[in-house]
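Participant: Input structure: input.csv, which contains CSV, C-alpha atoms.
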chain,number,residue,atom,x,y,z
N,4,MET,CA,109.9,112.4,-125.6
N,5,SER,CA,112.3,110.5,-123.4
N,6,ALA,CA,113.6,113.8,-121.8
N,7,LYS,CA,110.2,114.3,-120.0
N,8,HIS,CA,110.2,110.9,-118.2
N,9,PRO,CA,113.2,111.7,-115.9
N,10,GLN,CA,111.5,114.9,-114.8
N,11,LYS,CA,108.3,113.0,-113.9
N,12,ALA,CA,110.3,110.5,-111.9
N,13,SER,CA,112.3,113.1,-110.0
N,14,SER,CA,109.2,115.2,-109.2
N,15,LYS,CA,107.3,112.1,-108.0
N,16,SER,CA,110.2,111.1,-105.7
N,17,ALA,CA,110.5,114.6,-104.4
N,18,LYS,CA,106.8,114.6,-103.6
N,19,ALA,CA,107.1,111.3,-101.9
N,20,ALA,CA,110.1,112.5,-99.9
N,21,SER,CA,108.2,115.6,-98.7
N,22,ALA,CA,105.2,113.6,-97.8
N,23,LYS,CA,107.1,111.4,-95.3
N,24,VAL,CA,106.1,111.5,-91.7
N,25,PRO,CA,109.1,111.7,-89.4
N,26,ASP,CA,109.4,108.8,-86.8
N,27,ALA,CA,106.3,107.0,-88.1
N,28,GLU,CA,107.9,103.6,-88.7
N,29,LEU,CA,106.4,102.3,-85.5
N,30,ILE,CA,102.9,102.6,-86.8
N,31,GLY,CA,103.8,101.7,-90.3
N,32,ILE,CA,102.1,104.7,-92.1
N,33,THR,CA,104.9,106.9,-93.3
N,34,THR,CA,103.1,109.3,-95.6
N,35,GLN,CA,101.1,112.3,-94.6
N,36,LYS,CA,97.4,112.2,-95.7
N,37,GLU,CA,97.4,115.7,-96.9
N,38,ALA,CA,100.6,115.4,-99.0
N,39,ASP,CA,100.0,112.1,-100.8
N,40,PHE,CA,96.5,110.7,-100.2
N,41,SER,CA,96.7,107.7,-102.5
N,42,ASN,CA,99.9,106.4,-100.9
N,43,TRP,CA,98.6,107.1,-97.4
N,44,TYR,CA,95.3,105.2,-98.2
N,45,GLN,CA,97.2,102.3,-99.6
N,46,GLN,CA,99.3,102.1,-96.4
N,47,VAL,CA,96.2,102.3,-94.2
N,48,LEU,CA,94.5,99.4,-96.0
N,49,THR,CA,97.6,97.2,-96.0
N,50,LYS,CA,98.8,97.9,-92.5
N,51,GLY,CA,95.3,97.6,-91.1
N,52,ASP,CA,95.1,94.2,-92.7
N,53,MET,CA,91.9,95.2,-94.6
N,54,LEU,CA,93.2,94.1,-98.1
N,55,GLU,CA,95.7,91.9,-99.7
N,56,TYR,CA,97.1,91.9,-103.2
N,57,TYR,CA,96.3,89.2,-105.7
N,58,ASP,CA,98.8,87.6,-108.2
N,59,ILE,CA,97.1,89.4,-111.1
N,60,SER,CA,98.3,92.9,-111.6
N,61,GLY,CA,95.7,95.5,-110.5
N,62,CYS,CA,93.6,93.0,-108.5
N,63,TYR,CA,93.2,92.9,-104.7
N,64,ILE,CA,91.1,91.2,-102.2
N,65,LEU,CA,89.1,93.1,-99.6
N,66,LYS,CA,89.0,91.4,-96.3
N,67,VAL,CA,85.5,91.8,-94.9
N,68,ARG,CA,85.2,91.6,-91.2
N,69,THR,CA,81.8,91.1,-89.7
N,70,PRO,CA,80.9,90.3,-86.1
N,71,PRO,CA,79.7,86.7,-85.5
N,72,PHE,CA,76.0,86.2,-85.6
N,73,GLU,CA,74.3,85.6,-82.2
N,74,LYS,CA,72.2,82.6,-81.9
N,75,SER,CA,68.8,83.4,-80.6
N,76,SER,CA,67.3,80.9,-78.2
So, in terms of structure tokens, how does the structure I just supplied come out?
Facilitator:
Amino acid sequence: MSAKHPQKASSKSAKAASAKVPDAELIGITTQKEADFSNWYQQVLTKGDMLEYYDISGCYILKVRTPPFEKSS
């Protein structure tokens, strides 16, 4: 059973390496959307400051941004 785990780890790292976008460190999203959607989406949310992680594993906080309400006179 333990022989299968190194293959999964190496195939996952190979997939991540092939999904990297060259020269993308400036914008902070280093994964191609088509190659690794979950990692790309996670980077979009964190780099776009739309979510933050909580101390509890698996929990996160969505940052809702709404325009300010206008006061009617």
Participant: Please define a box with edges along x, y and z of the file around all atoms of region 68-75 of chain N given in the file, extend it by 8 Å on each side, and return its centre and edge lengths in Å to one decimal, as lines of an AutoDock Vina configuration file.
Facilitator:
center_x = 77.0
center_y = 87.1
center_z = -85.9
size_x = 32.4
size_y = 25.0
size_z = 26.6
Participant: In Å, rounded to a single decimal, give me how far CA of Ile64 (chain N) is from CA of Lys50 (chain N).
Facilitator: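 That distance, rounded to one decimal, is 14.1 Å.
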Participant: Using all atoms listed in the file, which of N:Phe72, N:Val67, N:Thr33, N:Asp58 sits nearest Gln45 (chain N)?
Facilitator: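 For Gln45 (chain N), the nearest of the candidates is N:Thr33.
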Participant: To one decimal in Å, tell me the separation between CA of Leu54 (chain N) and CA of Arg68 (chain N).
Facilitator: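 Computed distance, CA of Leu54 (chain N) to CA of Arg68 (chain N), equals 10.9 Å.
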Participant: How many Å lie between CA of Thr34 (chain N) and CA of Gln46 (chain N), rounded to one decimal?
Facilitator: 8.2 Å
Participant: Taking 4 positions as the minimum chain separation for residues in the same chain, which residues sit within 10 Å of Asp52 (chain N) when counting all atoms listed in the file? Answer as a list in words.
Facilitator: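 The contact residues come out as Gln46, Val47, Leu48, Leu65 and Lys66 of chain N.
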